[in-house]
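Structure file final.cif (mmCIF, N, CA and C atoms) follows.
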data_data
#
loop_
_atom_site.label_atom_id
_atom_site.label_comp_id
_atom_site.auth_asym_id
_atom_site.auth_seq_id
_atom_site.Cartn_x
_atom_site.Cartn_y
_atom_site.Cartn_z
N MET A 40 -71.93 -9.86 -35.66
CA MET A 40 -71.36 -8.62 -35.21
C MET A 40 -71.30 -8.63 -33.69
N ASN A 41 -70.24 -8.08 -33.10
CA ASN A 41 -70.03 -8.11 -31.67
C ASN A 41 -70.55 -6.87 -30.96
N THR A 42 -71.52 -6.20 -31.51
CA THR A 42 -72.06 -5.01 -30.86
C THR A 42 -73.47 -5.28 -30.39
N HIS A 43 -73.94 -4.40 -29.56
CA HIS A 43 -75.31 -4.44 -29.05
C HIS A 43 -76.16 -3.49 -29.87
N ARG A 44 -77.34 -3.87 -30.21
CA ARG A 44 -78.29 -2.92 -30.78
C ARG A 44 -79.03 -2.35 -29.58
N ASN A 45 -78.94 -1.05 -29.39
CA ASN A 45 -79.54 -0.53 -28.18
C ASN A 45 -80.54 0.60 -28.39
N ALA A 46 -80.59 1.19 -29.56
CA ALA A 46 -81.54 2.29 -29.73
C ALA A 46 -81.73 2.58 -31.21
N HIS A 47 -82.77 3.30 -31.50
CA HIS A 47 -83.02 3.78 -32.85
C HIS A 47 -83.07 5.29 -32.80
N GLN A 48 -82.45 5.93 -33.77
CA GLN A 48 -82.51 7.38 -33.87
C GLN A 48 -83.15 7.67 -35.22
N GLY A 49 -84.43 7.96 -35.17
CA GLY A 49 -85.19 8.07 -36.41
C GLY A 49 -85.24 6.68 -37.02
N ASN A 50 -84.79 6.54 -38.26
CA ASN A 50 -84.70 5.23 -38.90
C ASN A 50 -83.30 4.65 -38.81
N LYS A 51 -82.38 5.38 -38.20
CA LYS A 51 -80.99 4.95 -38.11
C LYS A 51 -80.78 4.14 -36.83
N GLU A 52 -80.12 3.00 -36.96
CA GLU A 52 -79.86 2.16 -35.80
C GLU A 52 -78.55 2.58 -35.14
N ILE A 53 -78.55 2.67 -33.81
CA ILE A 53 -77.35 3.01 -33.06
C ILE A 53 -76.85 1.73 -32.39
N THR A 54 -75.56 1.45 -32.52
CA THR A 54 -75.00 0.26 -31.89
C THR A 54 -74.12 0.67 -30.71
N ALA A 55 -74.04 -0.22 -29.75
CA ALA A 55 -73.19 0.01 -28.58
C ALA A 55 -71.98 -0.91 -28.70
N ASP A 56 -70.82 -0.33 -28.79
CA ASP A 56 -69.57 -1.06 -28.83
C ASP A 56 -69.05 -1.16 -27.40
N ILE A 57 -68.28 -2.18 -27.10
CA ILE A 57 -67.84 -2.41 -25.73
C ILE A 57 -66.32 -2.34 -25.63
N LEU A 58 -65.86 -1.66 -24.59
CA LEU A 58 -64.45 -1.60 -24.26
C LEU A 58 -64.27 -2.32 -22.92
N PHE A 59 -63.64 -3.49 -22.98
CA PHE A 59 -63.42 -4.27 -21.77
C PHE A 59 -62.17 -3.80 -21.06
N ILE A 60 -62.25 -3.68 -19.71
CA ILE A 60 -61.09 -3.36 -18.91
C ILE A 60 -61.02 -4.32 -17.73
N GLU A 61 -59.85 -4.45 -17.14
CA GLU A 61 -59.66 -5.27 -15.95
C GLU A 61 -60.05 -4.46 -14.71
N TRP A 62 -60.36 -5.12 -13.62
CA TRP A 62 -60.79 -4.44 -12.39
C TRP A 62 -59.74 -3.45 -11.89
N TYR A 63 -58.47 -3.78 -12.07
CA TYR A 63 -57.40 -2.93 -11.55
C TYR A 63 -57.10 -1.74 -12.46
N GLU A 64 -57.77 -1.64 -13.60
CA GLU A 64 -57.57 -0.53 -14.52
C GLU A 64 -58.59 0.61 -14.34
N VAL A 65 -59.51 0.47 -13.40
CA VAL A 65 -60.58 1.46 -13.27
C VAL A 65 -60.07 2.85 -12.88
N GLY A 66 -58.91 2.93 -12.29
CA GLY A 66 -58.36 4.22 -11.89
C GLY A 66 -57.27 4.74 -12.80
N ARG A 67 -57.08 4.10 -13.94
CA ARG A 67 -56.01 4.52 -14.86
C ARG A 67 -56.26 5.93 -15.38
N ILE A 68 -55.19 6.67 -15.54
CA ILE A 68 -55.27 8.02 -16.08
C ILE A 68 -55.27 7.95 -17.61
N LEU A 69 -54.48 7.04 -18.17
CA LEU A 69 -54.38 6.89 -19.62
C LEU A 69 -54.71 5.45 -19.98
N LEU A 70 -55.64 5.28 -20.89
CA LEU A 70 -56.05 3.94 -21.33
C LEU A 70 -56.09 3.94 -22.84
N THR A 71 -55.32 3.04 -23.45
CA THR A 71 -55.28 2.92 -24.91
C THR A 71 -55.49 1.46 -25.27
N ARG A 72 -56.53 1.19 -26.04
CA ARG A 72 -56.79 -0.18 -26.51
C ARG A 72 -57.90 -0.17 -27.54
N SER A 73 -58.35 -1.35 -27.94
CA SER A 73 -59.40 -1.48 -28.95
C SER A 73 -60.67 -2.03 -28.33
N THR A 74 -61.79 -1.62 -28.90
CA THR A 74 -63.09 -2.12 -28.47
C THR A 74 -63.30 -3.52 -29.05
N VAL A 75 -64.42 -4.11 -28.72
CA VAL A 75 -64.76 -5.44 -29.22
C VAL A 75 -64.77 -5.47 -30.75
N THR A 76 -65.23 -4.39 -31.38
CA THR A 76 -65.30 -4.36 -32.85
C THR A 76 -64.03 -3.84 -33.50
N GLY A 77 -63.01 -3.51 -32.69
CA GLY A 77 -61.73 -3.10 -33.25
C GLY A 77 -61.51 -1.59 -33.36
N ARG A 78 -62.41 -0.80 -32.82
CA ARG A 78 -62.19 0.65 -32.81
C ARG A 78 -61.08 1.00 -31.82
N SER A 79 -60.14 1.82 -32.25
CA SER A 79 -59.07 2.26 -31.35
C SER A 79 -59.61 3.33 -30.42
N VAL A 80 -59.27 3.19 -29.15
CA VAL A 80 -59.74 4.13 -28.14
C VAL A 80 -58.54 4.58 -27.30
N ARG A 81 -58.47 5.88 -27.07
CA ARG A 81 -57.47 6.44 -26.16
C ARG A 81 -58.21 7.41 -25.24
N ILE A 82 -58.14 7.14 -23.95
CA ILE A 82 -58.85 7.96 -22.98
C ILE A 82 -57.84 8.51 -21.99
N GLU A 83 -57.92 9.81 -21.75
CA GLU A 83 -57.13 10.45 -20.71
C GLU A 83 -58.09 11.04 -19.71
N ARG A 84 -57.88 10.73 -18.45
CA ARG A 84 -58.76 11.22 -17.38
C ARG A 84 -57.93 11.94 -16.34
N ALA A 85 -58.59 12.77 -15.58
CA ALA A 85 -57.93 13.46 -14.47
C ALA A 85 -57.61 12.45 -13.37
N LEU A 86 -56.56 12.73 -12.63
CA LEU A 86 -56.19 11.89 -11.49
C LEU A 86 -57.36 11.80 -10.53
N GLY A 87 -57.67 10.60 -10.07
CA GLY A 87 -58.77 10.41 -9.14
C GLY A 87 -60.09 10.02 -9.79
N MET A 88 -60.18 10.12 -11.10
CA MET A 88 -61.41 9.72 -11.80
C MET A 88 -61.40 8.18 -11.94
N THR A 89 -62.58 7.60 -11.91
CA THR A 89 -62.72 6.16 -11.97
C THR A 89 -63.63 5.76 -13.13
N PHE A 90 -63.29 4.67 -13.81
CA PHE A 90 -64.17 4.09 -14.82
C PHE A 90 -65.18 3.20 -14.09
N TYR A 91 -66.43 3.23 -14.54
CA TYR A 91 -67.47 2.41 -13.93
C TYR A 91 -68.06 1.46 -14.97
N ASP A 92 -68.45 0.28 -14.51
CA ASP A 92 -69.06 -0.70 -15.38
C ASP A 92 -70.35 -0.13 -15.95
N GLY A 93 -70.49 -0.16 -17.27
CA GLY A 93 -71.68 0.36 -17.93
C GLY A 93 -71.57 1.82 -18.32
N GLU A 94 -70.47 2.46 -17.93
CA GLU A 94 -70.27 3.88 -18.24
C GLU A 94 -70.12 4.07 -19.75
N ILE A 95 -70.84 5.02 -20.30
CA ILE A 95 -70.71 5.35 -21.72
C ILE A 95 -69.62 6.40 -21.85
N ILE A 96 -68.57 6.06 -22.62
CA ILE A 96 -67.42 6.96 -22.73
C ILE A 96 -67.38 7.70 -24.06
N HIS A 97 -68.24 7.29 -25.01
CA HIS A 97 -68.27 7.98 -26.30
C HIS A 97 -69.66 7.83 -26.90
N ILE A 98 -70.17 8.94 -27.42
CA ILE A 98 -71.46 8.92 -28.12
C ILE A 98 -71.25 9.57 -29.48
N ALA A 99 -71.59 8.84 -30.51
CA ALA A 99 -71.55 9.35 -31.89
C ALA A 99 -72.93 9.12 -32.49
N PRO A 100 -73.20 9.72 -33.64
CA PRO A 100 -74.53 9.56 -34.25
C PRO A 100 -74.91 8.10 -34.52
N ASP A 101 -73.93 7.23 -34.81
CA ASP A 101 -74.28 5.85 -35.17
C ASP A 101 -73.77 4.79 -34.20
N PHE A 102 -73.00 5.17 -33.18
CA PHE A 102 -72.55 4.19 -32.20
C PHE A 102 -72.19 4.86 -30.88
N THR A 103 -72.20 4.05 -29.83
CA THR A 103 -71.70 4.48 -28.52
C THR A 103 -70.65 3.47 -28.08
N ILE A 104 -69.78 3.89 -27.16
CA ILE A 104 -68.80 2.97 -26.58
C ILE A 104 -69.04 2.93 -25.08
N CYS A 105 -69.14 1.73 -24.57
CA CYS A 105 -69.49 1.49 -23.18
C CYS A 105 -68.37 0.69 -22.50
N ILE A 106 -68.04 1.04 -21.27
CA ILE A 106 -67.04 0.32 -20.47
C ILE A 106 -67.68 -0.91 -19.83
N ARG A 107 -66.99 -2.03 -19.87
CA ARG A 107 -67.39 -3.23 -19.14
C ARG A 107 -66.17 -3.73 -18.38
N ILE A 108 -66.33 -4.03 -17.11
CA ILE A 108 -65.25 -4.58 -16.29
C ILE A 108 -65.30 -6.09 -16.39
N LYS A 109 -64.16 -6.69 -16.78
CA LYS A 109 -64.09 -8.14 -16.94
C LYS A 109 -64.17 -8.86 -15.59
N PRO A 110 -64.89 -9.96 -15.54
CA PRO A 110 -64.86 -10.79 -14.34
C PRO A 110 -63.46 -11.42 -14.19
N CYS A 111 -63.09 -11.76 -12.97
CA CYS A 111 -61.80 -12.39 -12.72
C CYS A 111 -61.94 -13.44 -11.62
N LEU A 112 -60.95 -14.28 -11.50
CA LEU A 112 -60.94 -15.28 -10.44
C LEU A 112 -60.69 -14.56 -9.12
N CYS A 113 -61.50 -14.85 -8.12
CA CYS A 113 -61.41 -14.17 -6.83
C CYS A 113 -61.33 -15.17 -5.68
N ILE A 114 -60.68 -14.72 -4.62
CA ILE A 114 -60.72 -15.41 -3.35
C ILE A 114 -61.91 -14.81 -2.62
N LEU A 115 -62.80 -15.66 -2.17
CA LEU A 115 -64.03 -15.19 -1.54
C LEU A 115 -64.14 -15.74 -0.14
N LEU A 116 -64.36 -14.87 0.83
CA LEU A 116 -64.63 -15.27 2.21
C LEU A 116 -66.14 -15.22 2.38
N LYS A 117 -66.75 -16.38 2.60
CA LYS A 117 -68.20 -16.46 2.74
C LYS A 117 -68.56 -16.75 4.19
N THR A 118 -68.65 -15.68 4.96
CA THR A 118 -69.08 -15.81 6.35
C THR A 118 -69.62 -14.47 6.81
N PHE A 119 -70.49 -14.53 7.77
CA PHE A 119 -70.98 -13.30 8.39
C PHE A 119 -70.62 -13.28 9.87
N ASP A 120 -69.65 -14.12 10.25
CA ASP A 120 -69.08 -14.11 11.60
C ASP A 120 -68.15 -12.91 11.68
N PHE A 121 -68.49 -11.92 12.49
CA PHE A 121 -67.74 -10.67 12.54
C PHE A 121 -66.30 -10.86 13.01
N ASP A 122 -66.05 -11.82 13.88
CA ASP A 122 -64.67 -12.07 14.30
C ASP A 122 -63.84 -12.56 13.12
N VAL A 123 -64.36 -13.51 12.37
CA VAL A 123 -63.65 -14.04 11.20
C VAL A 123 -63.48 -12.94 10.16
N LEU A 124 -64.53 -12.16 9.90
CA LEU A 124 -64.44 -11.05 8.95
C LEU A 124 -63.35 -10.06 9.36
N GLY A 125 -63.31 -9.72 10.62
CA GLY A 125 -62.31 -8.77 11.12
C GLY A 125 -60.89 -9.27 10.95
N TYR A 126 -60.64 -10.52 11.35
CA TYR A 126 -59.29 -11.08 11.21
C TYR A 126 -58.89 -11.19 9.74
N PHE A 127 -59.83 -11.61 8.91
CA PHE A 127 -59.56 -11.75 7.48
C PHE A 127 -59.21 -10.39 6.86
N CYS A 128 -60.02 -9.38 7.14
CA CYS A 128 -59.77 -8.04 6.59
C CYS A 128 -58.44 -7.48 7.09
N PHE A 129 -58.13 -7.71 8.37
CA PHE A 129 -56.87 -7.25 8.93
C PHE A 129 -55.70 -7.93 8.23
N GLU A 130 -55.78 -9.24 8.08
CA GLU A 130 -54.70 -10.01 7.45
C GLU A 130 -54.48 -9.60 5.99
N VAL A 131 -55.55 -9.48 5.24
CA VAL A 131 -55.44 -9.09 3.83
C VAL A 131 -55.00 -7.63 3.72
N GLY A 132 -55.52 -6.78 4.59
CA GLY A 132 -55.14 -5.38 4.61
C GLY A 132 -53.67 -5.18 4.90
N ASN A 133 -53.09 -6.02 5.75
CA ASN A 133 -51.66 -5.93 6.04
C ASN A 133 -50.81 -6.28 4.82
N ARG A 134 -51.40 -6.96 3.86
CA ARG A 134 -50.70 -7.27 2.61
C ARG A 134 -50.97 -6.20 1.56
N HIS A 135 -51.73 -5.18 1.93
CA HIS A 135 -52.07 -4.05 1.06
C HIS A 135 -52.82 -4.50 -0.19
N LEU A 136 -53.69 -5.50 -0.03
CA LEU A 136 -54.51 -5.99 -1.14
C LEU A 136 -55.91 -5.42 -1.01
N PRO A 137 -56.50 -4.95 -2.11
CA PRO A 137 -57.84 -4.38 -2.04
C PRO A 137 -58.91 -5.44 -1.81
N LEU A 138 -59.87 -5.11 -0.99
CA LEU A 138 -61.01 -5.97 -0.69
C LEU A 138 -62.27 -5.37 -1.28
N PHE A 139 -63.22 -6.25 -1.63
CA PHE A 139 -64.48 -5.82 -2.24
C PHE A 139 -65.64 -6.49 -1.54
N TRP A 140 -66.63 -5.68 -1.20
CA TRP A 140 -67.85 -6.17 -0.57
C TRP A 140 -68.67 -6.91 -1.62
N GLN A 141 -69.16 -8.09 -1.28
CA GLN A 141 -70.04 -8.87 -2.13
C GLN A 141 -71.30 -9.19 -1.32
N LYS A 142 -72.38 -9.51 -1.98
CA LYS A 142 -73.63 -9.78 -1.26
C LYS A 142 -73.51 -10.97 -0.32
N ASP A 143 -72.55 -11.86 -0.57
CA ASP A 143 -72.40 -13.05 0.26
C ASP A 143 -71.04 -13.15 0.94
N GLY A 144 -70.31 -12.05 1.04
CA GLY A 144 -69.03 -12.10 1.73
C GLY A 144 -68.09 -11.00 1.26
N ILE A 145 -66.80 -11.27 1.39
CA ILE A 145 -65.73 -10.35 1.02
C ILE A 145 -64.86 -11.02 -0.04
N ALA A 146 -64.46 -10.25 -1.07
CA ALA A 146 -63.66 -10.83 -2.16
C ALA A 146 -62.39 -10.02 -2.37
N LEU A 147 -61.39 -10.70 -2.90
CA LEU A 147 -60.18 -10.06 -3.39
C LEU A 147 -59.74 -10.83 -4.61
N ALA A 148 -59.03 -10.16 -5.50
CA ALA A 148 -58.54 -10.82 -6.71
C ALA A 148 -57.61 -11.96 -6.33
N TYR A 149 -57.65 -13.03 -7.10
CA TYR A 149 -56.83 -14.21 -6.82
C TYR A 149 -55.35 -13.86 -6.81
N ASP A 150 -54.67 -14.38 -5.82
CA ASP A 150 -53.22 -14.28 -5.70
C ASP A 150 -52.73 -15.66 -5.30
N GLY A 151 -51.84 -16.24 -6.10
CA GLY A 151 -51.37 -17.61 -5.90
C GLY A 151 -50.60 -17.83 -4.62
N HIS A 152 -50.07 -16.78 -4.02
CA HIS A 152 -49.35 -16.93 -2.76
C HIS A 152 -50.29 -16.75 -1.57
N VAL A 153 -51.27 -15.92 -1.72
CA VAL A 153 -52.18 -15.59 -0.62
C VAL A 153 -53.25 -16.66 -0.44
N TYR A 154 -53.78 -17.19 -1.54
CA TYR A 154 -54.89 -18.14 -1.43
C TYR A 154 -54.58 -19.35 -0.56
N PRO A 155 -53.45 -20.05 -0.77
CA PRO A 155 -53.19 -21.22 0.08
C PRO A 155 -53.11 -20.86 1.57
N ALA A 156 -52.53 -19.69 1.88
CA ALA A 156 -52.43 -19.28 3.29
C ALA A 156 -53.81 -19.00 3.88
N LEU A 157 -54.65 -18.30 3.13
CA LEU A 157 -56.00 -18.00 3.61
C LEU A 157 -56.84 -19.27 3.72
N LYS A 158 -56.72 -20.14 2.76
CA LYS A 158 -57.48 -21.40 2.77
C LYS A 158 -57.07 -22.25 3.97
N ALA A 159 -55.76 -22.30 4.25
CA ALA A 159 -55.29 -23.08 5.40
C ALA A 159 -55.79 -22.49 6.72
N LYS A 160 -55.83 -21.18 6.81
CA LYS A 160 -56.22 -20.52 8.06
C LYS A 160 -57.74 -20.51 8.27
N TYR A 161 -58.52 -20.27 7.19
CA TYR A 161 -59.97 -20.08 7.34
C TYR A 161 -60.80 -21.26 6.84
N GLY A 162 -60.18 -22.24 6.21
CA GLY A 162 -60.87 -23.46 5.80
C GLY A 162 -61.96 -23.26 4.76
N ASP A 163 -63.10 -23.91 4.99
CA ASP A 163 -64.17 -23.96 4.00
C ASP A 163 -64.89 -22.63 3.77
N VAL A 164 -64.69 -21.63 4.60
CA VAL A 164 -65.35 -20.35 4.37
C VAL A 164 -64.59 -19.54 3.31
N VAL A 165 -63.44 -20.03 2.86
CA VAL A 165 -62.68 -19.40 1.78
C VAL A 165 -62.77 -20.29 0.55
N CYS A 166 -63.15 -19.69 -0.58
CA CYS A 166 -63.26 -20.45 -1.82
C CYS A 166 -62.85 -19.57 -3.00
N LEU A 167 -62.75 -20.17 -4.16
CA LEU A 167 -62.45 -19.45 -5.40
C LEU A 167 -63.70 -19.36 -6.25
N GLU A 168 -64.00 -18.17 -6.75
CA GLU A 168 -65.13 -17.97 -7.65
C GLU A 168 -64.78 -16.86 -8.63
N THR A 169 -65.40 -16.90 -9.78
CA THR A 169 -65.25 -15.82 -10.75
C THR A 169 -66.28 -14.75 -10.43
N ARG A 170 -65.80 -13.53 -10.23
CA ARG A 170 -66.65 -12.40 -9.88
C ARG A 170 -66.19 -11.17 -10.64
N THR A 171 -67.04 -10.16 -10.70
CA THR A 171 -66.64 -8.85 -11.22
C THR A 171 -66.43 -7.94 -10.02
N LEU A 172 -65.24 -7.34 -9.96
CA LEU A 172 -64.89 -6.46 -8.85
C LEU A 172 -65.16 -5.01 -9.26
N PHE A 173 -66.28 -4.48 -8.79
CA PHE A 173 -66.70 -3.12 -9.15
C PHE A 173 -66.04 -2.12 -8.21
N PRO A 174 -65.60 -0.96 -8.72
CA PRO A 174 -64.96 0.03 -7.87
C PRO A 174 -65.87 0.53 -6.75
N THR A 175 -67.17 0.54 -6.96
CA THR A 175 -68.10 1.00 -5.93
C THR A 175 -68.21 0.02 -4.76
N ASP A 176 -67.73 -1.22 -4.95
CA ASP A 176 -67.77 -2.23 -3.89
C ASP A 176 -66.44 -2.33 -3.14
N GLY A 177 -65.46 -1.51 -3.52
CA GLY A 177 -64.16 -1.55 -2.86
C GLY A 177 -64.27 -1.05 -1.43
N LEU A 178 -63.60 -1.74 -0.51
CA LEU A 178 -63.61 -1.35 0.89
C LEU A 178 -62.38 -0.51 1.19
N LYS A 179 -62.55 0.43 2.09
CA LYS A 179 -61.43 1.21 2.58
C LYS A 179 -61.47 1.15 4.10
N ALA A 180 -60.54 1.78 4.76
CA ALA A 180 -60.42 1.66 6.21
C ALA A 180 -61.70 2.04 6.95
N PHE A 181 -62.46 2.99 6.44
CA PHE A 181 -63.64 3.45 7.18
C PHE A 181 -64.91 3.31 6.35
N GLY A 182 -65.07 2.17 5.66
CA GLY A 182 -66.30 1.93 4.91
C GLY A 182 -66.02 1.67 3.45
N LYS A 183 -67.06 1.83 2.63
CA LYS A 183 -66.94 1.58 1.19
C LYS A 183 -66.52 2.85 0.48
N TYR A 184 -65.84 2.66 -0.68
CA TYR A 184 -65.59 3.81 -1.55
C TYR A 184 -66.91 4.24 -2.14
N SER A 185 -67.04 5.50 -2.48
CA SER A 185 -68.31 5.94 -3.07
C SER A 185 -68.12 6.30 -4.51
#

Can you present the structure in this file as structure tokens?
Amino acid sequence: MNTHRNAHQGNKEITADILFIEWYEVGRILLTRSTVTGRSVRIERALGMTFYDGEIIHIAPDFTICIRIKPCLCILLKTFDFDVLGYFCFEVGNRHLPLFWQKDGIALAYDGHVYPALKAKYGDVVCLETRTLFPTDGLKAFGKYS
């Protein structure tokens, strides 16, 4: 079975079903798809609401449904040189691509046109890695999103 056993309610076992979403879907107003176990889910949210990794979106007596953000291939800048960070953020920002703070650098989702240009310009401090891009780690002009 593709569910998590996460709690007991009396003698009844509660399972956690998972609804996987892509990083770029966290701000969707309408989301329709199936969970890991095949349950159909349709969620409508107010404009400006965000889905978060681990968020429980449904609770029933015998199961819960939890959001998980899928990892994706990312371009990662691994440097703490502020000049390089500044130029990189400016260049990527001019392309209107979202950036995400990581514990070891700055990441953006892989783009086949952008990666070769960034790799050529920044060399070995730019690499490809699979990461999960959380909405709370998204950067904006004046700091992180909250």

### Message
Selection in question (the file shown): the PyMOL selection byres ((chain A and resi 168) around 6). Which residues does it include, as a PyMOL selection string?
### Response
chain A and resi 111-115+166-167+169-170

### Task
Mind the document's chain letters and residue numbers, and return as a PyMOL selection string the residues of chain A that DSSP labels helix (DSSP H, G or I).
chain A and resi 62-64+121-133+153-164+174-176

### Query
Which neighbours of Asp92 (chain A) fall inside 10 Å, counting only C-alpha atoms, when residues of the same chain fewer than 5 positions from it are skipped, and could you give them as a ChimeraX atom specification?
/A:59-60,62,65,105-109,171-175

### Query
Do you know which residues are at most 6.5 Å from Phe102 (chain A) counting all atoms listed in the file, after dropping those on the same chain fewer than 4 positions away, and could you put them as a list in words?
Glu52, Ile53, Thr54, Ala55, Asp56, His97 and Ile98 of chain A

### Message
Quick check for you: according to DSSP on this backbone, which residues of region 44-181 of chain A are classed as strand (DSSP E or B)? Reply as a PyMOL selection string.
### Response
chain A and resi 44-48+51-60+69-73+79-83+95-98+102-108+111-116+139-141+144-148+165-170+177-179

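Across the structure, CA of Leu58 (chain A) and atom N of Arg84 (chain A) are spaced 15.1 Å apart.
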
### Query
Separation of CA of Leu70 (chain A) and CA of Ala99 (chain A), in Å?
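Between these atoms lies a distance of 19.5 Å.
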
### Query
Which is closer to Gly66 (chain A) than all the others in A:Asp143, A:Asp122, A:Glu83, A:Asp150, using only C-alpha atoms?
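Smallest distance to Gly66 (chain A) is found for A:Glu83.
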
### Query
Which residue, A:Asp176, A:Asp163, A:Glu64, A:Asp120, has the smallest gap to Phe90 (chain A) when you use only C-alpha atoms?
A:Glu64

### Interatomic distance, atom C of Gly177 (chain A) to CA of Ala85 (chain A) (Å, one decimal)
20.5 Å

#### Entry: Which of A:Arg67, A:Arg72, A:Lys117, A:Lys142 sits closest to Tyr161 (chain A) [using only C-alpha atoms]
A:Lys117

So which residues fall inside 8 Å of (-63.4, -4.6, -28.5) if we count only C-alpha atoms? Mind giving them as a compact mmCIF listing (two decimals) with N, CA and C atoms, in the frame of the given file?
# COMPACT_ATOMS: atom_id res chain seq x y z
N ASP A 56 -70.82 -0.33 -28.79
CA ASP A 56 -69.57 -1.06 -28.83
C ASP A 56 -69.05 -1.16 -27.40
N ILE A 57 -68.28 -2.18 -27.10
CA ILE A 57 -67.84 -2.41 -25.73
C ILE A 57 -66.32 -2.34 -25.63
N LEU A 58 -65.86 -1.66 -24.59
CA LEU A 58 -64.45 -1.60 -24.26
C LEU A 58 -64.27 -2.32 -22.92
N PHE A 59 -63.64 -3.49 -22.98
CA PHE A 59 -63.42 -4.27 -21.77
C PHE A 59 -62.17 -3.80 -21.06
N SER A 73 -58.35 -1.35 -27.94
CA SER A 73 -59.40 -1.48 -28.95
C SER A 73 -60.67 -2.03 -28.33
N THR A 74 -61.79 -1.62 -28.90
CA THR A 74 -63.09 -2.12 -28.47
C THR A 74 -63.30 -3.52 -29.05
N VAL A 75 -64.42 -4.11 -28.72
CA VAL A 75 -64.76 -5.44 -29.22
C VAL A 75 -64.77 -5.47 -30.75
N THR A 76 -65.23 -4.39 -31.38
CA THR A 76 -65.30 -4.36 -32.85
C THR A 76 -64.03 -3.84 -33.50
N GLY A 77 -63.01 -3.51 -32.69
CA GLY A 77 -61.73 -3.10 -33.25
C GLY A 77 -61.51 -1.59 -33.36
N ARG A 78 -62.41 -0.80 -32.82
CA ARG A 78 -62.19 0.65 -32.81
C ARG A 78 -61.08 1.00 -31.82

### Query
Looking at A:Gly162, A:Ile68, A:Ile145, A:Phe129, which one is nearest to Gly87 (chain A), with distances taken over only C-alpha atoms?
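Closest candidate: A:Ile68.
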